[in-house]
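To start, the structure itself, in structure tokens.
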2 protein chains.
Amino acid sequence: MNKINNYEEQCAFQEILKIIGGKWSMSIIYILFSGKKRFNELQRTVPHINTRMLVKELKNLAEYKIISRKVFATVPPTVEYSLTEKGKKLEPIINDFYNWGVDNLYEYPGK
Amino acid sequence: MNKINNYEEQCAFQEILKIIGGKWSMSIIYILFSGKKRFNELQRTVPHINTRMLVKELKNLAEYKIISRKVFATVPPTVEYSLTEKGKKLEPIINDFYNWGVDNLYEYPGK
């Protein structure tokens, strides 16, 4: 287990947050916990995201091999996104984070 | 255990991320895992943060009772920040997140 306790580690953590810490990337990742999704499905499910941002975030996540992209030769082409093994490892962490938030920050009506 | 699986929960999660998901707030929180810190110590330890942003983030975290603020009547006044019980509960989650990042994203030299 690595602990964060000096400036150098802080910088490492900030690099990690730059890649994965944004609200859009987090949202996309846990939508994909429930299985592969097409572009339009993601756009409908991520609150308030616009097309340009979604394209950018998906490209970024694919570049770091957190998600994978599969293109089908339909007309128009269909593109499916799913989590890689690396991305799937985030599920318990993001669920813990969400549960902490629900318990401590947000009066969530469905709780 | 709550799971995130619909649009309403997505919105709840985005609210949570708005409060706590930024790179500054995350950085401040885990600097405080090692114990209480004064303003100047935080400013030295959070990479690249400026005074205005640090003031803003500390105010936000205190408002949500994730950190607490103690003022000492010295000249000039000393202010100490520490995690509340609520804030301390984030330690295992943020450590898991960091470790995932070190293992999967970032070629960290000290690993």
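Residues in the structure tokens are named by chain (A, B, ... in the order shown) and by number from 1 within that chain; ligands are numbered from 1 in the order shown.
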Please write out chain B, superposed on chain A by least squares over all C-alpha atoms matched in order, as a tab-separated table (two decimals) with N, CA, C and O atoms, in the first residue's frame.
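Output contents, as saved in selection.tsv:
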```
chain	number	residue	atom	x	y	z
B	1	MET	N	0.83	-1.19	-0.07
B	1	MET	CA	-0.02	0.03	-0.03
B	1	MET	C	0.86	1.29	-0.02
B	1	MET	O	1.69	1.47	0.86
B	2	ASN	N	0.69	2.12	-1.05
B	2	ASN	CA	1.43	3.38	-1.08
B	2	ASN	C	0.67	4.45	-0.30
B	2	ASN	O	-0.55	4.53	-0.38
B	3	LYS	N	1.39	5.26	0.43
B	3	LYS	CA	0.76	6.37	1.16
B	3	LYS	C	1.26	7.68	0.54
B	3	LYS	O	2.37	7.76	0.05
B	4	ILE	N	0.44	8.68	0.62
B	4	ILE	CA	0.80	9.96	0.05
B	4	ILE	C	1.33	10.85	1.15
B	4	ILE	O	0.57	11.28	2.01
B	5	ASN	N	2.60	11.08	1.18
B	5	ASN	CA	3.07	11.88	2.30
B	5	ASN	C	4.20	12.85	1.99
B	5	ASN	O	4.81	13.39	2.88
B	6	ASN	N	4.48	13.08	0.74
B	6	ASN	CA	5.44	14.14	0.46
B	6	ASN	C	5.08	14.87	-0.83
B	6	ASN	O	4.15	14.49	-1.53
B	7	TYR	N	5.84	15.90	-1.11
B	7	TYR	CA	5.53	16.77	-2.24
B	7	TYR	C	5.55	16.01	-3.57
B	7	TYR	O	4.69	16.18	-4.42
B	8	GLU	N	6.53	15.12	-3.70
B	8	GLU	CA	6.66	14.34	-4.94
B	8	GLU	C	5.43	13.46	-5.17
B	8	GLU	O	4.91	13.34	-6.28
B	9	GLU	N	4.95	12.84	-4.09
B	9	GLU	CA	3.76	12.01	-4.19
B	9	GLU	C	2.52	12.85	-4.48
B	9	GLU	O	1.63	12.44	-5.21
B	10	GLN	N	2.49	14.05	-3.90
B	10	GLN	CA	1.41	14.98	-4.20
B	10	GLN	C	1.35	15.26	-5.69
B	10	GLN	O	0.28	15.30	-6.29
B	11	CYS	N	2.51	15.47	-6.29
B	11	CYS	CA	2.55	15.76	-7.73
B	11	CYS	C	2.06	14.55	-8.52
B	11	CYS	O	1.33	14.69	-9.49
B	12	ALA	N	2.46	13.34	-8.08
B	12	ALA	CA	1.99	12.12	-8.73
B	12	ALA	C	0.47	12.04	-8.64
B	12	ALA	O	-0.21	11.74	-9.62
B	13	PHE	N	-0.05	12.36	-7.47
B	13	PHE	CA	-1.50	12.29	-7.29
B	13	PHE	C	-2.21	13.30	-8.18
B	13	PHE	O	-3.25	13.01	-8.77
B	14	GLN	N	-1.63	14.49	-8.31
B	14	GLN	CA	-2.26	15.49	-9.18
B	14	GLN	C	-2.27	15.04	-10.64
B	14	GLN	O	-3.21	15.31	-11.38
B	15	GLU	N	-1.23	14.33	-11.05
B	15	GLU	CA	-1.21	13.77	-12.41
B	15	GLU	C	-2.36	12.78	-12.58
B	15	GLU	O	-3.03	12.75	-13.60
B	16	ILE	N	-2.55	11.94	-11.59
B	16	ILE	CA	-3.62	10.95	-11.62
B	16	ILE	C	-4.99	11.64	-11.70
B	16	ILE	O	-5.83	11.30	-12.51
B	17	LEU	N	-5.16	12.66	-10.85
B	17	LEU	CA	-6.43	13.38	-10.84
B	17	LEU	C	-6.69	14.10	-12.16
B	17	LEU	O	-7.84	14.23	-12.59
B	18	LYS	N	-5.62	14.55	-12.81
B	18	LYS	CA	-5.78	15.23	-14.09
B	18	LYS	C	-6.39	14.27	-15.12
B	18	LYS	O	-7.20	14.64	-15.94
B	19	ILE	N	-5.98	13.02	-15.07
B	19	ILE	CA	-6.43	12.03	-16.05
B	19	ILE	C	-7.85	11.56	-15.74
B	19	ILE	O	-8.70	11.44	-16.61
B	20	ILE	N	-8.11	11.34	-14.46
B	20	ILE	CA	-9.29	10.57	-14.09
B	20	ILE	C	-10.21	11.32	-13.12
B	20	ILE	O	-11.34	10.91	-12.88
B	21	GLY	N	-9.73	12.44	-12.59
B	21	GLY	CA	-10.44	13.07	-11.48
B	21	GLY	C	-11.59	13.98	-11.88
B	21	GLY	O	-12.37	14.40	-11.04
B	22	GLY	N	-11.72	14.30	-13.16
B	22	GLY	CA	-12.78	15.23	-13.57
B	22	GLY	C	-14.17	14.61	-13.41
B	22	GLY	O	-14.32	13.40	-13.40
B	23	LYS	N	-15.17	15.49	-13.30
B	23	LYS	CA	-16.53	14.96	-13.07
B	23	LYS	C	-17.03	14.20	-14.29
B	23	LYS	O	-17.75	13.22	-14.17
B	24	TRP	N	-16.62	14.60	-15.51
B	24	TRP	CA	-17.09	13.86	-16.68
B	24	TRP	C	-16.48	12.47	-16.75
B	24	TRP	O	-17.19	11.50	-16.98
B	25	SER	N	-15.18	12.39	-16.57
B	25	SER	CA	-14.55	11.07	-16.71
B	25	SER	C	-15.09	10.11	-15.65
B	25	SER	O	-15.41	8.96	-15.95
B	26	MET	N	-15.25	10.57	-14.42
B	26	MET	CA	-15.82	9.74	-13.36
B	26	MET	C	-17.23	9.27	-13.75
B	26	MET	O	-17.59	8.12	-13.59
B	27	SER	N	-18.03	10.21	-14.26
B	27	SER	CA	-19.41	9.87	-14.63
B	27	SER	C	-19.44	8.82	-15.74
B	27	SER	O	-20.21	7.86	-15.67
B	28	ILE	N	-18.60	9.00	-16.75
B	28	ILE	CA	-18.57	8.04	-17.86
B	28	ILE	C	-18.15	6.66	-17.36
B	28	ILE	O	-18.77	5.65	-17.69
B	29	ILE	N	-17.13	6.63	-16.51
B	29	ILE	CA	-16.64	5.35	-16.02
B	29	ILE	C	-17.75	4.58	-15.29
B	29	ILE	O	-17.97	3.41	-15.54
B	30	TYR	N	-18.46	5.23	-14.41
B	30	TYR	CA	-19.42	4.39	-13.69
B	30	TYR	C	-20.71	4.15	-14.42
B	30	TYR	O	-21.45	3.25	-14.06
B	31	ILE	N	-20.98	4.89	-15.47
B	31	ILE	CA	-22.07	4.45	-16.35
B	31	ILE	C	-21.66	3.14	-17.01
B	31	ILE	O	-22.46	2.23	-17.18
B	32	LEU	N	-20.39	3.03	-17.33
B	32	LEU	CA	-19.90	1.82	-18.00
B	32	LEU	C	-19.79	0.62	-17.05
B	32	LEU	O	-19.62	-0.51	-17.50
B	33	PHE	N	-19.86	0.84	-15.74
B	33	PHE	CA	-19.88	-0.30	-14.80
B	33	PHE	C	-21.04	-1.24	-15.13
B	33	PHE	O	-20.95	-2.44	-14.93
B	34	SER	N	-22.15	-0.67	-15.63
B	34	SER	CA	-23.32	-1.52	-15.92
B	34	SER	C	-23.23	-2.18	-17.29
B	34	SER	O	-24.18	-2.84	-17.72
B	35	GLY	N	-22.11	-2.02	-17.99
B	35	GLY	CA	-21.95	-2.70	-19.28
B	35	GLY	C	-21.65	-1.74	-20.42
B	35	GLY	O	-21.71	-0.52	-20.25
B	36	LYS	N	-21.32	-2.28	-21.59
B	36	LYS	CA	-20.97	-1.45	-22.75
B	36	LYS	C	-22.11	-0.53	-23.16
B	36	LYS	O	-23.28	-0.85	-22.94
B	37	LYS	N	-21.74	0.62	-23.70
B	37	LYS	CA	-22.73	1.61	-24.12
B	37	LYS	C	-22.33	2.23	-25.46
B	37	LYS	O	-21.14	2.39	-25.74
B	38	ARG	N	-23.31	2.61	-26.23
B	38	ARG	CA	-23.03	3.36	-27.45
B	38	ARG	C	-22.91	4.85	-27.13
B	38	ARG	O	-23.36	5.30	-26.07
B	39	PHE	N	-22.34	5.59	-28.07
B	39	PHE	CA	-22.13	7.02	-27.87
B	39	PHE	C	-23.42	7.74	-27.43
B	39	PHE	O	-23.43	8.48	-26.45
B	40	ASN	N	-24.50	7.49	-28.17
B	40	ASN	CA	-25.75	8.18	-27.86
B	40	ASN	C	-26.31	7.83	-26.48
B	40	ASN	O	-26.88	8.67	-25.80
B	41	GLU	N	-26.11	6.58	-26.09
B	41	GLU	CA	-26.56	6.18	-24.75
B	41	GLU	C	-25.79	6.95	-23.68
B	41	GLU	O	-26.36	7.39	-22.68
B	42	LEU	N	-24.47	7.06	-23.90
B	42	LEU	CA	-23.65	7.81	-22.93
B	42	LEU	C	-24.12	9.26	-22.87
B	42	LEU	O	-24.28	9.83	-21.79
B	43	GLN	N	-24.36	9.84	-24.03
B	43	GLN	CA	-24.76	11.24	-24.06
B	43	GLN	C	-26.08	11.47	-23.32
B	43	GLN	O	-26.25	12.47	-22.63
B	44	ARG	N	-26.97	10.52	-23.43
B	44	ARG	CA	-28.25	10.64	-22.71
B	44	ARG	C	-28.09	10.46	-21.20
B	44	ARG	O	-28.84	10.99	-20.42
B	45	THR	N	-27.10	9.67	-20.81
B	45	THR	CA	-27.01	9.28	-19.39
B	45	THR	C	-26.10	10.19	-18.55
B	45	THR	O	-26.30	10.32	-17.35
B	46	VAL	N	-25.07	10.78	-19.17
B	46	VAL	CA	-24.21	11.69	-18.42
B	46	VAL	C	-24.91	13.04	-18.31
B	46	VAL	O	-25.15	13.68	-19.33
B	47	PRO	N	-25.24	13.49	-17.11
B	47	PRO	CA	-25.99	14.74	-17.00
B	47	PRO	C	-25.21	15.94	-17.55
B	47	PRO	O	-24.04	16.13	-17.21
B	48	HIS	N	-25.85	16.71	-18.40
B	48	HIS	CA	-25.36	18.02	-18.85
B	48	HIS	C	-24.10	18.00	-19.73
B	48	HIS	O	-23.50	19.04	-19.95
B	49	ILE	N	-23.67	16.85	-20.21
B	49	ILE	CA	-22.46	16.85	-21.03
B	49	ILE	C	-22.84	17.21	-22.48
B	49	ILE	O	-23.91	16.84	-22.95
B	50	ASN	N	-21.96	17.95	-23.17
B	50	ASN	CA	-22.22	18.20	-24.58
B	50	ASN	C	-21.36	17.27	-25.45
B	50	ASN	O	-20.45	16.61	-24.95
B	51	THR	N	-21.69	17.22	-26.74
B	51	THR	CA	-21.04	16.27	-27.65
B	51	THR	C	-19.52	16.44	-27.68
B	51	THR	O	-18.77	15.47	-27.60
B	52	ARG	N	-19.08	17.67	-27.77
B	52	ARG	CA	-17.65	17.95	-27.87
B	52	ARG	C	-16.89	17.42	-26.63
B	52	ARG	O	-15.85	16.78	-26.75
B	53	MET	N	-17.46	17.69	-25.46
B	53	MET	CA	-16.81	17.24	-24.23
B	53	MET	C	-16.81	15.72	-24.12
B	53	MET	O	-15.84	15.12	-23.68
B	54	LEU	N	-17.92	15.10	-24.53
B	54	LEU	CA	-18.01	13.64	-24.45
B	54	LEU	C	-16.96	13.00	-25.37
B	54	LEU	O	-16.26	12.06	-24.97
B	55	VAL	N	-16.83	13.52	-26.59
B	55	VAL	CA	-15.82	13.01	-27.53
B	55	VAL	C	-14.44	13.13	-26.90
B	55	VAL	O	-13.64	12.18	-26.90
B	56	LYS	N	-14.16	14.29	-26.33
B	56	LYS	CA	-12.84	14.56	-25.74
B	56	LYS	C	-12.54	13.61	-24.58
B	56	LYS	O	-11.45	13.04	-24.47
B	57	GLU	N	-13.53	13.44	-23.70
B	57	GLU	CA	-13.32	12.59	-22.52
B	57	GLU	C	-13.14	11.12	-22.92
B	57	GLU	O	-12.30	10.42	-22.36
B	58	LEU	N	-13.93	10.68	-23.89
B	58	LEU	CA	-13.82	9.28	-24.32
B	58	LEU	C	-12.44	9.03	-24.94
B	58	LEU	O	-11.83	7.99	-24.72
B	59	LYS	N	-11.97	10.01	-25.69
B	59	LYS	CA	-10.66	9.88	-26.32
B	59	LYS	C	-9.56	9.77	-25.25
B	59	LYS	O	-8.68	8.92	-25.31
B	60	ASN	N	-9.68	10.63	-24.25
B	60	ASN	CA	-8.72	10.63	-23.13
B	60	ASN	C	-8.73	9.29	-22.38
B	60	ASN	O	-7.68	8.69	-22.12
B	61	LEU	N	-9.92	8.80	-22.06
B	61	LEU	CA	-10.03	7.53	-21.32
B	61	LEU	C	-9.51	6.35	-22.15
B	61	LEU	O	-8.91	5.42	-21.60
B	62	ALA	N	-9.73	6.40	-23.46
B	62	ALA	CA	-9.26	5.32	-24.33
B	62	ALA	C	-7.72	5.36	-24.43
B	62	ALA	O	-7.06	4.32	-24.45
B	63	GLU	N	-7.19	6.57	-24.46
B	63	GLU	CA	-5.73	6.75	-24.55
B	63	GLU	C	-5.02	6.12	-23.34
B	63	GLU	O	-3.96	5.51	-23.48
B	64	TYR	N	-5.61	6.24	-22.18
B	64	TYR	CA	-5.03	5.66	-20.97
B	64	TYR	C	-5.50	4.22	-20.74
B	64	TYR	O	-5.28	3.67	-19.67
B	65	LYS	N	-6.18	3.67	-21.75
B	65	LYS	CA	-6.63	2.26	-21.71
B	65	LYS	C	-7.54	1.95	-20.52
B	65	LYS	O	-7.49	0.87	-19.93
B	66	ILE	N	-8.36	2.95	-20.16
B	66	ILE	CA	-9.36	2.74	-19.11
B	66	ILE	C	-10.66	2.23	-19.77
B	66	ILE	O	-11.39	1.45	-19.18
B	67	ILE	N	-10.91	2.70	-20.98
B	67	ILE	CA	-12.04	2.17	-21.75
B	67	ILE	C	-11.54	1.68	-23.11
B	67	ILE	O	-10.45	2.07	-23.55
B	68	SER	N	-12.32	0.81	-23.75
B	68	SER	CA	-11.99	0.44	-25.12
B	68	SER	C	-13.16	0.78	-26.04
B	68	SER	O	-14.31	0.92	-25.59
B	69	ARG	N	-12.86	0.92	-27.30
B	69	ARG	CA	-13.77	1.45	-28.30
B	69	ARG	C	-13.87	0.41	-29.41
B	69	ARG	O	-12.85	-0.06	-29.92
B	70	LYS	N	-15.10	0.02	-29.76
B	70	LYS	CA	-15.28	-0.98	-30.81
B	70	LYS	C	-16.20	-0.39	-31.87
B	70	LYS	O	-17.30	0.06	-31.55
B	71	VAL	N	-15.73	-0.40	-33.12
B	71	VAL	CA	-16.52	0.20	-34.20
B	71	VAL	C	-17.16	-0.90	-35.04
B	71	VAL	O	-16.51	-1.86	-35.43
B	72	PHE	N	-18.46	-0.78	-35.32
B	72	PHE	CA	-19.18	-1.74	-36.16
B	72	PHE	C	-19.48	-1.09	-37.51
B	72	PHE	O	-19.90	0.08	-37.55
B	73	ALA	N	-19.28	-1.87	-38.57
B	73	ALA	CA	-19.42	-1.32	-39.92
B	73	ALA	C	-20.87	-1.24	-40.36
B	73	ALA	O	-21.27	-1.79	-41.39
B	74	THR	N	-21.69	-0.56	-39.56
B	74	THR	CA	-23.08	-0.33	-39.95
B	74	THR	C	-23.15	1.01	-40.67
B	74	THR	O	-22.17	1.75	-40.72
B	75	VAL	N	-24.32	1.36	-41.22
B	75	VAL	CA	-24.53	2.68	-41.80
B	75	VAL	C	-25.69	3.34	-41.06
B	75	VAL	O	-26.81	2.84	-41.13
B	76	PRO	N	-25.44	4.45	-40.30
B	76	PRO	CA	-24.12	5.01	-39.97
B	76	PRO	C	-23.35	4.08	-39.02
B	76	PRO	O	-23.97	3.23	-38.38
B	77	PRO	N	-22.03	4.25	-38.92
B	77	PRO	CA	-21.24	3.36	-38.08
B	77	PRO	C	-21.69	3.41	-36.61
B	77	PRO	O	-22.08	4.46	-36.12
B	78	THR	N	-21.66	2.27	-35.95
B	78	THR	CA	-22.00	2.21	-34.52
B	78	THR	C	-20.69	2.08	-33.74
B	78	THR	O	-19.82	1.31	-34.15
B	79	VAL	N	-20.57	2.83	-32.67
B	79	VAL	CA	-19.37	2.73	-31.84
B	79	VAL	C	-19.80	2.35	-30.42
B	79	VAL	O	-20.70	2.98	-29.85
B	80	GLU	N	-19.16	1.33	-29.89
B	80	GLU	CA	-19.48	0.87	-28.54
B	80	GLU	C	-18.29	1.08	-27.61
B	80	GLU	O	-17.16	0.79	-27.99
B	81	TYR	N	-18.57	1.54	-26.41
B	81	TYR	CA	-17.52	1.77	-25.42
B	81	TYR	C	-17.70	0.84	-24.25
B	81	TYR	O	-18.83	0.61	-23.80
B	82	SER	N	-16.61	0.30	-23.74
B	82	SER	CA	-16.70	-0.54	-22.55
B	82	SER	C	-15.44	-0.36	-21.70
B	82	SER	O	-14.42	0.16	-22.18
B	83	LEU	N	-15.51	-0.77	-20.45
B	83	LEU	CA	-14.34	-0.66	-19.57
B	83	LEU	C	-13.34	-1.77	-19.86
B	83	LEU	O	-13.73	-2.91	-20.12
B	84	THR	N	-12.08	-1.45	-19.79
B	84	THR	CA	-11.02	-2.46	-19.85
B	84	THR	C	-10.89	-3.08	-18.45
B	84	THR	O	-11.53	-2.63	-17.49
B	85	GLU	N	-10.02	-4.06	-18.31
B	85	GLU	CA	-9.77	-4.66	-16.99
B	85	GLU	C	-9.29	-3.59	-16.00
B	85	GLU	O	-9.71	-3.56	-14.84
B	86	LYS	N	-8.41	-2.73	-16.50
B	86	LYS	CA	-7.90	-1.60	-15.70
B	86	LYS	C	-9.06	-0.72	-15.19
B	86	LYS	O	-9.13	-0.36	-14.02
B	87	GLY	N	-9.96	-0.40	-16.09
B	87	GLY	CA	-11.11	0.44	-15.76
B	87	GLY	C	-12.04	-0.23	-14.76
B	87	GLY	O	-12.56	0.43	-13.85
B	88	LYS	N	-12.24	-1.55	-14.93
B	88	LYS	CA	-13.15	-2.27	-14.04
B	88	LYS	C	-12.68	-2.25	-12.59
B	88	LYS	O	-13.48	-2.34	-11.66
B	89	LYS	N	-11.37	-2.17	-12.42
B	89	LYS	CA	-10.82	-2.14	-11.04
B	89	LYS	C	-11.24	-0.89	-10.27
B	89	LYS	O	-11.10	-0.83	-9.05
B	90	LEU	N	-11.73	0.13	-10.99
B	90	LEU	CA	-12.17	1.34	-10.30
B	90	LEU	C	-13.55	1.18	-9.65
B	90	LEU	O	-13.94	2.01	-8.83
B	91	GLU	N	-14.28	0.14	-10.01
B	91	GLU	CA	-15.66	0.03	-9.54
B	91	GLU	C	-15.81	0.11	-8.01
B	91	GLU	O	-16.56	0.94	-7.51
B	92	PRO	N	-15.08	-0.73	-7.25
B	92	PRO	CA	-15.28	-0.63	-5.79
B	92	PRO	C	-14.87	0.73	-5.23
B	92	PRO	O	-15.49	1.23	-4.29
B	93	ILE	N	-13.85	1.33	-5.81
B	93	ILE	CA	-13.36	2.62	-5.30
B	93	ILE	C	-14.39	3.72	-5.55
B	93	ILE	O	-14.74	4.49	-4.66
B	94	ILE	N	-14.90	3.77	-6.77
B	94	ILE	CA	-15.87	4.81	-7.10
B	94	ILE	C	-17.18	4.57	-6.34
B	94	ILE	O	-17.82	5.51	-5.89
B	95	ASN	N	-17.56	3.32	-6.15
B	95	ASN	CA	-18.75	3.05	-5.33
B	95	ASN	C	-18.56	3.51	-3.88
B	95	ASN	O	-19.46	4.09	-3.28
B	96	ASP	N	-17.38	3.26	-3.33
B	96	ASP	CA	-17.10	3.73	-1.96
B	96	ASP	C	-17.18	5.25	-1.87
B	96	ASP	O	-17.70	5.81	-0.90
B	97	PHE	N	-16.63	5.89	-2.86
B	97	PHE	CA	-16.60	7.35	-2.91
B	97	PHE	C	-18.04	7.89	-2.98
B	97	PHE	O	-18.42	8.81	-2.25
B	98	TYR	N	-18.82	7.28	-3.85
B	98	TYR	CA	-20.22	7.67	-3.99
B	98	TYR	C	-20.98	7.47	-2.67
B	98	TYR	O	-21.71	8.35	-2.21
B	99	ASN	N	-20.76	6.33	-2.05
B	99	ASN	CA	-21.46	6.05	-0.79
B	99	ASN	C	-21.05	6.99	0.33
B	99	ASN	O	-21.88	7.43	1.13
B	100	TRP	N	-19.76	7.32	0.36
B	100	TRP	CA	-19.31	8.31	1.34
B	100	TRP	C	-20.06	9.62	1.12
B	100	TRP	O	-20.53	10.25	2.05
B	101	GLY	N	-20.16	10.03	-0.14
B	101	GLY	CA	-20.83	11.28	-0.47
B	101	GLY	C	-22.31	11.25	-0.08
B	101	GLY	O	-22.83	12.20	0.51
B	102	VAL	N	-22.98	10.16	-0.40
B	102	VAL	CA	-24.40	10.04	-0.07
B	102	VAL	C	-24.59	10.11	1.45
B	102	VAL	O	-25.47	10.79	1.96
B	103	ASP	N	-23.72	9.44	2.17
B	103	ASP	CA	-23.85	9.43	3.63
B	103	ASP	C	-23.45	10.75	4.29
B	103	ASP	O	-23.94	11.08	5.36
B	104	ASN	N	-22.52	11.47	3.67
B	104	ASN	CA	-21.92	12.61	4.37
B	104	ASN	C	-22.18	13.99	3.77
B	104	ASN	O	-21.95	14.99	4.42
B	105	LEU	N	-22.60	14.04	2.52
B	105	LEU	CA	-22.72	15.35	1.88
B	105	LEU	C	-24.11	15.65	1.36
B	105	LEU	O	-24.57	16.77	1.41
B	106	TYR	N	-24.71	14.66	0.81
B	106	TYR	CA	-25.83	14.92	-0.07
B	106	TYR	C	-27.08	14.28	0.50
B	106	TYR	O	-27.09	13.09	0.78
B	107	GLU	N	-28.11	15.07	0.68
B	107	GLU	CA	-29.37	14.51	1.15
B	107	GLU	C	-30.07	13.88	-0.04
B	107	GLU	O	-30.84	14.51	-0.75
B	108	TYR	N	-29.75	12.62	-0.25
B	108	TYR	CA	-30.22	11.95	-1.44
B	108	TYR	C	-31.59	11.33	-1.18
B	108	TYR	O	-31.74	10.52	-0.27
B	109	PRO	N	-32.62	11.71	-1.96
B	109	PRO	CA	-33.99	11.30	-1.64
B	109	PRO	C	-34.21	9.78	-1.65
B	109	PRO	O	-35.01	9.28	-0.85
B	110	GLY	N	-33.48	9.06	-2.47
B	110	GLY	CA	-33.71	7.61	-2.56
B	110	GLY	C	-33.03	6.81	-1.46
B	110	GLY	O	-33.14	5.59	-1.42
B	111	LYS	N	-32.30	7.51	-0.57
B	111	LYS	CA	-31.51	6.81	0.44
B	111	LYS	C	-32.36	6.11	1.48
B	111	LYS	O	-33.30	6.68	1.98
```
Extract the full set of strand (DSSP E) residues from chain A according to DSSP on the backbone, and format it as a PyMOL selection string.
chain A and resi 37-38+67-72+78-83
Based on DSSP run over this structure's backbone, return all residues of chain B in alpha helix (DSSP H), as a ChimeraX atom specification.
/B:7-20,23-32,39-45,51-63,85-88,91-104
